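The file my_file_28.tsv comes next; it holds TSV, C-alpha atoms and all ligand atoms.
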chain	number	residue	atom	x	y	z
B	1	VAL	CA	0.00	0.00	0.00
B	2	SER	CA	1.57	3.31	-0.99
B	3	PRO	CA	2.34	5.43	2.08
B	4	ARG	CA	-0.32	8.14	2.55
B	5	ALA	CA	1.05	11.30	0.90
B	6	ALA	CA	1.90	13.73	3.65
B	7	PRO	CA	-0.30	16.81	3.23
B	8	LYS	CA	1.71	19.25	1.10
B	9	SER	CA	3.19	22.07	3.10
B	10	TRP	CA	2.71	25.36	1.29
B	11	THR	CA	5.03	28.33	1.00
B	12	ILE	CA	4.23	31.91	0.01
B	13	GLN	CA	5.74	31.10	-3.42
B	14	ASP	CA	2.65	28.96	-4.07
B	15	PHE	CA	0.40	32.03	-3.97
B	16	ASP	CA	-0.12	35.35	-5.72
B	17	PHE	CA	-1.16	37.88	-3.05
B	18	GLY	CA	-3.87	40.44	-3.85
B	19	ARG	CA	-5.42	43.35	-1.98
B	20	GLU	CA	-5.75	43.59	1.80
B	21	LEU	CA	-9.21	42.45	2.94
B	22	GLY	CA	-8.94	43.75	6.50
B	23	ARG	CA	-6.91	43.89	9.70
B	24	GLY	CA	-7.63	42.01	12.92
B	25	ARG	CA	-6.01	42.19	16.36
B	26	PHE	CA	-3.05	40.06	15.38
B	27	GLY	CA	-3.15	39.70	11.66
B	28	VAL	CA	-3.86	41.04	8.23
B	29	VAL	CA	-6.13	39.21	5.78
B	30	PHE	CA	-5.25	39.24	2.06
B	31	LEU	CA	-7.01	38.11	-1.06
B	32	ALA	CA	-4.80	35.45	-2.72
B	33	ARG	CA	-4.71	32.95	-5.56
B	34	GLU	CA	-3.05	29.55	-5.37
B	35	LYS	CA	-0.85	29.45	-8.49
B	36	SER	CA	-1.32	25.92	-9.81
B	37	SER	CA	-5.07	25.55	-9.17
B	38	ARG	CA	-5.71	29.30	-9.67
B	39	LYS	CA	-8.15	28.99	-6.75
B	40	ILE	CA	-9.09	32.29	-5.08
B	41	LEU	CA	-8.59	32.24	-1.30
B	42	ALA	CA	-8.10	34.44	1.73
B	43	ILE	CA	-4.81	34.27	3.63
B	44	LYS	CA	-4.50	35.66	7.14
B	45	VAL	CA	-0.91	36.58	7.91
B	46	LEU	CA	0.13	36.76	11.56
B	47	ALA	CA	3.51	38.08	12.75
B	48	LYS	CA	5.16	35.68	15.21
B	49	GLU	CA	6.69	38.62	17.06
B	50	GLN	CA	3.23	40.13	17.68
B	51	LEU	CA	1.79	36.77	18.72
B	52	HIS	CA	4.65	36.27	21.16
B	53	ILE	CA	4.26	39.75	22.66
B	54	GLY	CA	0.51	39.20	22.93
B	55	GLY	CA	1.15	35.83	24.59
B	56	VAL	CA	-1.31	34.19	22.22
B	57	ILE	CA	0.83	31.50	20.57
B	58	GLN	CA	-0.91	28.70	22.47
B	59	GLN	CA	-4.25	30.27	21.71
B	60	LEU	CA	-3.53	30.35	18.00
B	61	LYS	CA	-2.51	26.68	18.08
B	62	ARG	CA	-5.81	25.84	19.76
B	63	GLU	CA	-7.70	28.05	17.30
B	64	VAL	CA	-6.15	26.20	14.35
B	65	GLU	CA	-6.84	22.82	15.94
B	66	ILE	CA	-10.50	23.79	16.57
B	67	HIS	CA	-10.98	25.46	13.21
B	68	SER	CA	-9.66	22.48	11.23
B	69	ARG	CA	-11.82	20.11	13.29
B	70	ILE	CA	-15.21	21.85	13.01
B	71	ARG	CA	-16.83	21.76	9.57
B	72	HIS	CA	-20.13	23.55	9.10
B	73	PRO	CA	-21.74	25.44	6.20
B	74	HIS	CA	-21.67	28.63	8.27
B	75	ILE	CA	-18.16	28.34	9.71
B	76	LEU	CA	-15.39	29.71	7.49
B	77	PRO	CA	-13.28	26.72	6.33
B	78	LEU	CA	-9.58	26.74	7.24
B	79	TYR	CA	-7.86	24.79	4.44
B	80	ALA	CA	-4.23	24.86	5.58
B	81	THR	CA	-1.58	26.66	7.62
B	82	PHE	CA	2.10	27.17	7.01
B	83	GLN	CA	4.83	29.42	8.37
B	84	ASP	CA	8.18	30.98	7.56
B	85	GLU	CA	10.77	32.43	9.93
B	86	SER	CA	8.68	35.44	10.93
B	87	LYS	CA	5.05	34.78	9.96
B	88	VAL	CA	2.22	32.28	10.34
B	89	TYR	CA	-0.18	31.92	7.39
B	90	LEU	CA	-3.79	30.67	7.57
B	91	VAL	CA	-5.24	29.62	4.20
B	92	LEU	CA	-9.00	30.19	4.30
B	93	LYS	CA	-12.04	30.25	2.07
B	94	TYR	CA	-12.59	33.71	0.56
B	95	ALA	CA	-15.88	35.39	1.56
B	96	PRO	CA	-16.63	37.67	-1.40
B	97	ASN	CA	-19.15	39.90	0.38
B	98	GLY	CA	-16.89	41.06	3.19
B	99	ASP	CA	-17.88	41.18	6.85
B	100	LEU	CA	-21.06	42.20	8.63
B	101	PHE	CA	-19.39	45.22	10.25
B	102	THR	CA	-18.72	46.75	6.84
B	103	ARG	CA	-22.15	45.71	5.61
B	104	LEU	CA	-23.84	47.45	8.59
B	105	LYS	CA	-21.75	50.59	8.11
B	106	HIS	CA	-22.99	50.92	4.52
B	107	ALA	CA	-26.57	49.78	5.16
B	108	GLN	CA	-29.54	52.18	5.01
B	109	CYS	CA	-29.50	54.03	8.39
B	110	GLY	CA	-26.79	51.60	9.51
B	111	ARG	CA	-29.13	48.70	10.16
B	112	LEU	CA	-30.75	45.73	8.42
B	113	ASP	CA	-34.45	45.09	7.80
B	114	GLU	CA	-35.90	42.44	10.14
B	115	ARG	CA	-36.12	39.74	7.48
B	116	THR	CA	-32.46	40.10	6.47
B	117	ALA	CA	-31.40	40.27	10.12
B	118	ALA	CA	-33.35	37.07	10.90
B	119	ARG	CA	-31.68	35.26	7.99
B	120	VAL	CA	-28.26	36.24	9.35
B	121	MET	CA	-29.29	35.24	12.88
B	122	ILE	CA	-30.53	31.74	11.98
B	123	GLN	CA	-27.23	30.91	10.25
B	124	LEU	CA	-25.17	32.35	13.08
B	125	ILE	CA	-27.20	30.45	15.71
B	126	ASN	CA	-26.67	27.20	13.78
B	127	ALA	CA	-22.91	27.86	13.55
B	128	ILE	CA	-22.62	28.64	17.28
B	129	GLN	CA	-24.76	25.60	18.14
B	130	THR	CA	-22.22	23.45	16.24
B	131	CYS	CA	-19.33	25.06	18.15
B	132	HIS	CA	-21.08	24.32	21.45
B	133	GLN	CA	-21.70	20.73	20.39
B	134	HIS	CA	-17.90	20.49	19.86
B	135	ASN	CA	-17.37	21.97	23.37
B	136	VAL	CA	-16.06	25.18	21.83
B	137	VAL	CA	-17.15	28.55	23.17
B	138	HIS	CA	-16.52	31.18	20.49
B	139	ARG	CA	-16.23	34.14	22.92
B	140	ASP	CA	-15.72	36.74	20.22
B	141	ILE	CA	-19.00	37.02	18.33
B	142	LYS	CA	-19.15	40.48	16.76
B	143	PRO	CA	-19.91	41.86	13.27
B	144	GLU	CA	-16.22	41.96	12.23
B	145	ASN	CA	-15.99	38.19	12.68
B	146	ILE	CA	-19.12	37.39	10.71
B	147	LEU	CA	-18.31	37.14	7.02
B	148	LEU	CA	-20.69	37.13	4.07
B	149	GLY	CA	-20.37	34.63	1.23
B	150	ASN	CA	-22.46	34.49	-1.93
B	151	ASP	CA	-26.11	35.59	-1.52
B	152	ASP	CA	-25.34	36.72	2.02
B	153	GLU	CA	-24.59	33.33	3.47
B	154	VAL	CA	-22.98	33.76	6.90
B	155	LEU	CA	-19.45	32.42	7.46
B	156	LEU	CA	-18.26	32.69	11.08
B	157	ALA	CA	-14.53	33.47	11.44
B	158	ASP	CA	-11.85	34.00	14.06
B	159	PHE	CA	-12.09	31.57	16.94
B	160	GLY	CA	-9.12	33.54	18.21
B	161	TRP	CA	-10.58	33.74	21.71
B	162	SER	CA	-12.28	30.39	21.76
B	163	ALA	CA	-9.08	28.82	23.04
B	164	ALA	CA	-8.17	30.93	25.96
B	165	ASN	CA	-9.66	30.58	29.37
B	166	VAL	CA	-8.56	34.19	29.71
B	167	THR	CA	-9.87	35.66	32.93
B	168	ALA	CA	-11.90	38.84	32.53
B	169	ALA	CA	-9.03	40.87	33.94
B	170	ASN	CA	-6.35	40.15	31.38
B	171	ARG	CA	-9.02	39.82	28.71
B	172	ARG	CA	-10.02	43.43	29.37
B	173	GLU	CA	-6.37	44.53	29.04
B	174	THR	CA	-5.64	42.44	25.98
B	175	LEU	CA	-8.96	43.31	24.47
B	176	CYS	CA	-7.92	46.53	22.79
B	177	GLY	CA	-11.25	46.45	20.99
B	178	THR	CA	-14.74	46.88	22.28
B	179	LEU	CA	-16.33	45.71	25.54
B	180	ASP	CA	-19.70	45.88	23.82
B	181	TYR	CA	-20.10	42.12	23.43
B	182	LEU	CA	-18.78	41.06	26.83
B	183	SER	CA	-21.30	39.35	29.10
B	184	PRO	CA	-21.83	40.55	32.70
B	185	GLU	CA	-20.28	37.38	34.17
B	186	MET	CA	-17.15	37.83	32.01
B	187	LEU	CA	-16.85	41.48	32.99
B	188	ASP	CA	-16.92	40.85	36.71
B	189	GLY	CA	-14.56	37.91	36.41
B	190	GLN	CA	-16.96	35.16	37.40
B	191	LYS	CA	-16.68	31.71	35.92
B	192	TYR	CA	-18.53	31.53	32.62
B	193	ASP	CA	-19.69	28.97	30.08
B	194	ALA	CA	-21.15	28.71	26.58
B	195	SER	CA	-23.97	31.08	27.54
B	196	VAL	CA	-21.56	34.00	27.02
B	197	ASP	CA	-22.06	33.32	23.31
B	198	ILE	CA	-25.84	33.51	23.77
B	199	TRP	CA	-25.46	36.94	25.40
B	200	ALA	CA	-23.21	38.08	22.51
B	201	ILE	CA	-25.75	36.84	19.95
B	202	GLY	CA	-28.31	39.04	21.71
B	203	VAL	CA	-26.00	42.06	21.50
B	204	LEU	CA	-25.45	41.29	17.81
B	205	MET	CA	-29.19	40.95	17.11
B	206	PHE	CA	-29.76	44.33	18.77
B	207	GLU	CA	-26.99	45.86	16.63
B	208	LEU	CA	-28.35	44.40	13.36
B	209	LEU	CA	-31.80	45.88	14.04
B	210	VAL	CA	-30.80	49.15	15.73
B	211	GLY	CA	-27.46	49.99	14.07
B	212	LYS	CA	-25.40	50.13	17.27
B	213	PRO	CA	-24.57	47.69	20.09
B	214	ALA	CA	-27.01	47.51	23.00
B	215	PHE	CA	-24.63	48.88	25.66
B	216	GLU	CA	-22.67	51.37	23.57
B	217	SER	CA	-21.72	54.57	25.36
B	218	ASN	CA	-18.95	57.10	25.14
B	219	ASP	CA	-16.68	55.53	27.73
B	220	GLN	CA	-15.80	52.01	28.82
B	221	SER	CA	-16.77	52.45	32.47
B	222	GLN	CA	-20.26	53.55	31.41
B	223	THR	CA	-20.46	50.56	29.02
B	224	SER	CA	-19.36	48.21	31.83
B	225	GLU	CA	-21.99	49.72	34.15
B	226	LEU	CA	-24.76	49.17	31.58
B	227	ILE	CA	-23.64	45.59	30.88
B	228	LEU	CA	-23.33	44.65	34.56
B	229	ASN	CA	-26.91	45.85	35.09
B	230	ALA	CA	-28.10	44.47	31.73
B	231	ARG	CA	-29.51	47.95	31.11
B	232	TYR	CA	-30.44	48.76	27.51
B	233	ARG	CA	-33.29	50.38	25.62
B	234	ILE	CA	-34.80	48.95	22.43
B	235	PRO	CA	-36.10	51.71	20.12
B	236	LEU	CA	-39.79	51.76	19.18
B	237	PHE	CA	-39.21	50.90	15.51
B	238	VAL	CA	-38.14	47.35	16.50
B	239	SER	CA	-41.05	44.88	16.27
B	240	GLN	CA	-42.55	43.40	19.46
B	241	SER	CA	-41.50	39.91	18.37
B	242	ALA	CA	-37.87	40.96	17.83
B	243	LYS	CA	-37.90	42.84	21.16
B	244	ASP	CA	-39.12	39.69	22.88
B	245	LEU	CA	-36.26	37.59	21.48
B	246	ILE	CA	-33.60	40.22	22.29
B	247	ARG	CA	-34.85	40.27	25.90
B	248	ARG	CA	-34.59	36.48	26.09
B	249	PHE	CA	-30.95	36.57	24.90
B	250	LEU	CA	-29.92	39.46	27.18
B	251	LYS	CA	-30.84	37.96	30.55
B	252	ARG	CA	-28.29	39.01	33.17
B	253	GLU	CA	-28.50	35.58	34.80
B	254	PRO	CA	-26.78	33.10	32.38
B	255	SER	CA	-29.09	30.20	33.32
B	256	GLN	CA	-32.14	32.27	32.41
B	257	ARG	CA	-31.00	32.99	28.86
B	258	ILE	CA	-32.92	31.36	26.02
B	259	THR	CA	-31.10	28.30	24.63
B	260	LEU	CA	-30.02	28.24	20.98
B	261	ALA	CA	-32.49	25.44	20.27
B	262	GLU	CA	-35.34	27.51	21.77
B	263	ALA	CA	-34.19	30.58	19.81
B	264	LEU	CA	-34.50	28.63	16.55
B	265	GLU	CA	-38.16	28.00	17.47
B	266	HIS	CA	-38.90	31.64	18.32
B	267	PRO	CA	-41.68	33.15	16.13
B	268	TRP	CA	-39.42	36.03	15.02
B	269	ILE	CA	-36.86	33.55	13.64
B	270	VAL	CA	-39.41	31.09	12.20
B	271	ARG	CA	-41.65	33.71	10.61
B	272	ASN	CA	-38.78	35.61	8.98
B	273	ASN	CA	-37.17	32.50	7.57
B	274	GLN	CA	-40.19	30.98	5.93
B	275	GLU	CA	-39.51	30.70	2.26
B	276	ARG	CA	-42.16	32.96	0.73
B	277	ALA	CA	-44.40	30.46	-1.09
B	278	ARG	CA	-44.35	31.63	-4.71
B	279	ASN	CA	-47.57	30.47	-6.55
B	280	SER	CA	-46.87	27.00	-5.28
B	281	PRO	CA	-50.13	24.97	-5.40
B	282	SER	CA	-50.05	24.61	-1.63
B	283	ALA	CA	-49.80	28.39	-1.19
B	284	ALA	CA	-52.91	29.91	0.33
B	285	PRO	CA	-54.85	31.70	-2.40
B	286	ARG	CA	-53.73	35.34	-2.39
B	287	SER	CA	-56.48	37.93	-1.97
B	288	THR	CA	-57.11	39.41	-5.36
B	289	ASN	CA	-57.64	43.01	-4.24
W	1	LIG	C1	-6.63	33.85	14.35
W	1	LIG	O1	-7.32	34.14	13.15
W	1	LIG	C2	-8.27	33.16	12.81
W	1	LIG	C3	-8.92	33.47	11.45
W	1	LIG	O2	-9.54	34.73	11.55
W	1	LIG	C4	-10.05	35.31	10.40
W	1	LIG	C5	-10.08	34.68	9.15
W	1	LIG	C6	-10.56	35.36	8.02
W	1	LIG	C7	-11.01	36.68	8.15
W	1	LIG	C8	-11.02	37.30	9.40
W	1	LIG	C9	-10.53	36.61	10.52
W	1	LIG	O3	-10.48	37.15	11.78
W	1	LIG	C10	-10.98	38.45	12.00
W	1	LIG	C11	-10.05	39.46	11.37
W	1	LIG	O4	-8.92	39.17	11.07
W	1	LIG	N1	-10.58	40.71	11.06
W	1	LIG	C12	-11.74	41.23	11.78
W	1	LIG	C13	-10.05	41.57	10.02
W	1	LIG	C14	-10.44	41.10	8.60
W	1	LIG	C15	-11.92	41.05	8.36
W	1	LIG	N2	-12.27	40.04	7.33
W	1	LIG	C16	-12.24	40.47	5.96
W	1	LIG	C17	-12.64	39.45	4.95
W	1	LIG	C18	-13.30	39.75	3.78
W	1	LIG	N3	-13.46	38.63	3.04
W	1	LIG	C19	-12.91	37.57	3.72
W	1	LIG	N4	-12.82	36.26	3.36
W	1	LIG	C20	-12.26	35.42	4.23
W	1	LIG	N5	-11.77	35.80	5.45
W	1	LIG	C21	-11.85	37.10	5.83
W	1	LIG	C22	-12.42	38.04	4.94
W	1	LIG	N6	-11.45	37.44	7.08

Represent the structure contained in this file as structure tokens.
Ligand SMILES: COCCOc1ccc2cc1OCC(=O)N(C)CCCNCc1c[nH]c3ncnc(c13)N2
Amino acid sequence: VSPRAAPKSWTIQDFDFGRELGRGRFGVVFLAREKSSRKILAIKVLAKEQLHIGGVIQQLKREVEIHSRIRHPHILPLYATFQDESKVYLVLKYAPNGDLFTRLKHAQCGRLDERTAARVMIQLINAIQTCHQHNVVHRDIKPENILLGNDDEVLLADFGWSAANVTAANRRETLCGTLDYLSPEMLDGQKYDASVDIWAIGVLMFELLVGKPAFESNDQSQTSELILNARYRIPLFVSQSAKDLIRRFLKREPSQRITLAEALEHPWIVRNNQERARNSPSAAPRSTN
């Protein structure tokens, strides 16, 4: 029996690099084409020096191990990794419609209509449910990490934080970004579990429908205060059904939060994801007026 071919290890010579797609905490993502297959891809380039300073080498190893293990239609596939003396390269599927953060920024009044938001939510909930079934807590659900493939299919990226059991303290320091998605229990350094992702999904749902995160304010201590008291206001233009679901995600007490399975049954999700029956014989006769 011929020995199993060892998976080919790539070098940067195997790729033509294109434009920069975006910058994350520790890396830059480029559009790229693999030379022999001419396949279009995304390559995230991480500087070892930065990773070492950030003390996230172990985390990245765990991220890669998780990412190559979990396959799901709404989780961005990680095809391969390779490195040279100063960089680590992640070879990923290319999401041609960018990320949700950019999409929101350019959307009409910075928010999505309820039907579009519900279609994003159902895919995201399914992706997070799969992570939880693999005992992985994502921990960094936010619009920048939600990519859009063809016809707005959701592709969840960056399990960068899923590895660490970072305590809230050093997470706050290392988290140069926003506190907006942190759950109350993470903020006040209590032990936490997968329900931190359910909280974050609630913050995301609020942001898709309102155009800004639920606890946004002009300084971090005010944001922390609002999160710790689960204090937020949903504007009047949000439907009652959507309001109800947001409230069930954003319960201060983790054990009281709606489960992902229950969320998939919520009327707001079900109603907004029903394929509109188009003149199919079973469709109820449309009123003629
Ligand atoms: C440890 O890292 C694990 C992998 O993390 C990522 C893989 C791929 C990513 C983004 C990832 O993390 C988040 C991040 O780097 N940004 C927020 C900046 C770039 C935003 N995406 C831009 C983008 C547009 N079309 C894309 N097609 C595929 N991947 C993309 C993008 N980005």

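Using all atoms listed in the file, the nearest neighbour of Phe26 of chain B within the list B:Lys87, B:Arg38, B:His67, B:Arg119 is B:Lys87.
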
Given the choices B:Lys35, B:Lys8, B:Arg115, B:Arg25, which gets closest to Asn272 of chain B if the distance is worked out from all atoms listed in the file? B:Arg115

Which residue out of B:Ala117, B:Leu90, B:Ile269, B:Ile198 has the minimum interatomic distance to ligand LIG 1 (chain W) when only C-alpha atoms and all ligand atoms are used? B:Leu90

I'd like the contact shell of Gly24 of chain B - 9 Å cut-off, all atoms listed in the file, skipping same-chain residues fewer than 4 positions apart - returned as a PyMOL selection string. chain B and resi 28-29+144

Would you mind reading off the distance between atom C10 of ligand LIG 1 (chain W) and atom CA of Arg23 of chain B, one decimal, in Å?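 Taking atom C10 of ligand LIG 1 (chain W) as the start and atom CA of Arg23 of chain B as the end point, the length is 7.2 Å.
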
Axis-aligned box for ligand LIG 1 (chain W), 6 Å per side, centre and edges in Å as JSON:
{"center_x": -10.0, "center_y": 37.4, "center_z": 8.7, "size_x": 18.8, "size_y": 20.4, "size_z": 23.3}

Could you tell me, as a list in words, which residues have any atom at most 10 Å from (-2.0, 43.6, -1.1), counting all atoms listed in the file? Asp16, Phe17, Gly18, Arg19, Glu20, Leu21, Val28, Val29, Phe30, Leu31 and Ala32 of chain B

Write out as a PyMOL selection string each polymer residue whose atoms come within 12 Å of Ala261 of chain B, counting all atoms listed in the file; drop sequence neighbours fewer than 5 positions from it. chain B and resi 122+125-130+132-133+198+266+269

Would you output that residue set with C-alpha atoms, as a tab-separated table (two decimals), in the coordinates of the input?
chain	number	residue	atom	x	y	z
B	122	ILE	CA	-30.53	31.74	11.98
B	125	ILE	CA	-27.20	30.45	15.71
B	126	ASN	CA	-26.67	27.20	13.78
B	127	ALA	CA	-22.91	27.86	13.55
B	128	ILE	CA	-22.62	28.64	17.28
B	129	GLN	CA	-24.76	25.60	18.14
B	130	THR	CA	-22.22	23.45	16.24
B	132	HIS	CA	-21.08	24.32	21.45
B	133	GLN	CA	-21.70	20.73	20.39
B	198	ILE	CA	-25.84	33.51	23.77
B	266	HIS	CA	-38.90	31.64	18.32
B	269	ILE	CA	-36.86	33.55	13.64

Å distance separating atom CA of Glu34 of chain B from atom CA of Leu156 of chain B, one decimal place: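 Result for atom CA of Glu34 of chain B versus atom CA of Leu156 of chain B: 22.6 Å, one decimal.
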
Which residue is closest to ligand LIG 1 (chain W)? Choose from B:Pro77, B:Pro213, B:Gly55, B:Gly98 and count only C-alpha atoms and all ligand atoms.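 Among B:Pro77, B:Pro213, B:Gly55, B:Gly98, it is B:Gly98 that comes nearest to ligand LIG 1 (chain W).
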
For each of B:Ala230, B:Val137, B:Val210, B:Val154, take the minimum atom-to-atom distance to ligand LIG 1 (chain W), counting all atoms listed in the file, then give the residue where this is smallest. B:Val154

Between B:Thr178, B:Ser239, B:Gln123, B:Gln13, smallest distance to Ser36 of chain B by only C-alpha atoms belongs to B:Gln13

What is the distance between atom CA of Glu114 of chain B and atom CA of Leu209 of chain B, in Å to one decimal?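 We find that atom CA of Glu114 of chain B and atom CA of Leu209 of chain B lie 6.6 Å from each other.
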
Is there a way to get, as a PyMOL selection string, all residues within 6 Å of the point (-18.2, 42.9, 7.9) in file coordinates, counting all atoms listed in the file? chain B and resi 98-103+143-144+147

Can you tell me which residues surround Arg247 of chain B at a distance of at most 12 Å, considering all atoms listed in the file, apart from same-chain residues fewer than 4 positions away, and format the answer as a list of chain:residue names?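 In the requested form, the answer reads B:Ile198, B:Trp199, B:Ile201, B:Gly202, B:Val203, B:Met205, B:Phe206, B:Ala214, B:Ala230, B:Arg231, B:Tyr232, B:Arg233, B:Ile234, B:Gln240, B:Ser241, B:Ala242, B:Lys243, B:Lys251, B:Arg252, B:Glu253, B:Gln256, B:Arg257, B:Ile258, B:Ala263.
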
Any chance you could model all heavy atoms for segment 21-29 of chain B and send them as a tab-separated table (two decimals), in the coordinates of the input?
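Writing done, so here's out-v8.tsv:
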chain	number	residue	atom	x	y	z
B	21	LEU	N	-7.76	42.56	2.70
B	21	LEU	CA	-9.21	42.45	2.94
B	21	LEU	C	-9.60	43.06	4.28
B	21	LEU	O	-10.77	43.38	4.52
B	21	LEU	CB	-9.64	40.99	2.90
B	21	LEU	CG	-9.50	40.31	1.53
B	21	LEU	CD1	-9.77	38.82	1.64
B	21	LEU	CD2	-10.47	40.93	0.54
B	22	GLY	N	-8.62	43.18	5.19
B	22	GLY	CA	-8.94	43.75	6.50
B	22	GLY	C	-7.87	43.40	7.51
B	22	GLY	O	-7.03	42.53	7.26
B	23	ARG	N	-7.91	44.09	8.64
B	23	ARG	CA	-6.91	43.89	9.70
B	23	ARG	C	-7.61	43.47	10.98
B	23	ARG	O	-8.58	44.08	11.38
B	23	ARG	CB	-6.18	45.22	9.98
B	23	ARG	CG	-5.21	45.57	8.91
B	23	ARG	CD	-4.48	46.90	9.12
B	23	ARG	NE	-3.53	47.01	8.02
B	23	ARG	CZ	-2.26	46.61	8.13
B	23	ARG	NH1	-1.80	46.14	9.26
B	23	ARG	NH2	-1.46	46.68	7.07
B	24	GLY	N	-7.08	42.42	11.62
B	24	GLY	CA	-7.63	42.01	12.92
B	24	GLY	C	-6.65	42.40	14.00
B	24	GLY	O	-5.70	43.13	13.75
B	25	ARG	N	-6.89	41.89	15.23
B	25	ARG	CA	-6.01	42.19	16.36
B	25	ARG	C	-4.59	41.77	16.05
B	25	ARG	O	-3.64	42.51	16.26
B	25	ARG	CB	-6.48	41.39	17.58
B	25	ARG	CG	-6.88	42.22	18.78
B	25	ARG	CD	-7.12	41.34	19.96
B	25	ARG	NE	-7.89	40.15	19.63
B	25	ARG	CZ	-9.22	40.12	19.61
B	25	ARG	NH1	-9.90	41.19	19.88
B	25	ARG	NH2	-9.85	39.01	19.30
B	26	PHE	N	-4.42	40.57	15.55
B	26	PHE	CA	-3.05	40.06	15.38
B	26	PHE	C	-2.67	39.76	13.95
B	26	PHE	O	-1.62	39.21	13.69
B	26	PHE	CB	-2.87	38.77	16.21
B	26	PHE	CG	-2.91	39.02	17.68
B	26	PHE	CD1	-4.04	38.68	18.42
B	26	PHE	CD2	-1.86	39.64	18.33
B	26	PHE	CE1	-4.09	38.93	19.78
B	26	PHE	CE2	-1.91	39.89	19.69
B	26	PHE	CZ	-3.03	39.54	20.42
B	27	GLY	N	-3.52	40.11	13.00
B	27	GLY	CA	-3.15	39.70	11.66
B	27	GLY	C	-3.83	40.52	10.58
B	27	GLY	O	-4.77	41.26	10.85
B	28	VAL	N	-3.30	40.35	9.40
B	28	VAL	CA	-3.86	41.04	8.23
B	28	VAL	C	-4.37	39.97	7.27
B	28	VAL	O	-3.70	38.95	7.07
B	28	VAL	CB	-2.79	41.89	7.50
B	28	VAL	CG1	-3.43	42.71	6.39
B	28	VAL	CG2	-2.07	42.79	8.49
B	29	VAL	N	-5.54	40.19	6.69
B	29	VAL	CA	-6.13	39.21	5.78
B	29	VAL	C	-5.98	39.71	4.34
B	29	VAL	O	-6.33	40.86	4.06
B	29	VAL	CB	-7.61	38.97	6.09
B	29	VAL	CG1	-8.18	37.87	5.20
B	29	VAL	CG2	-7.79	38.57	7.56
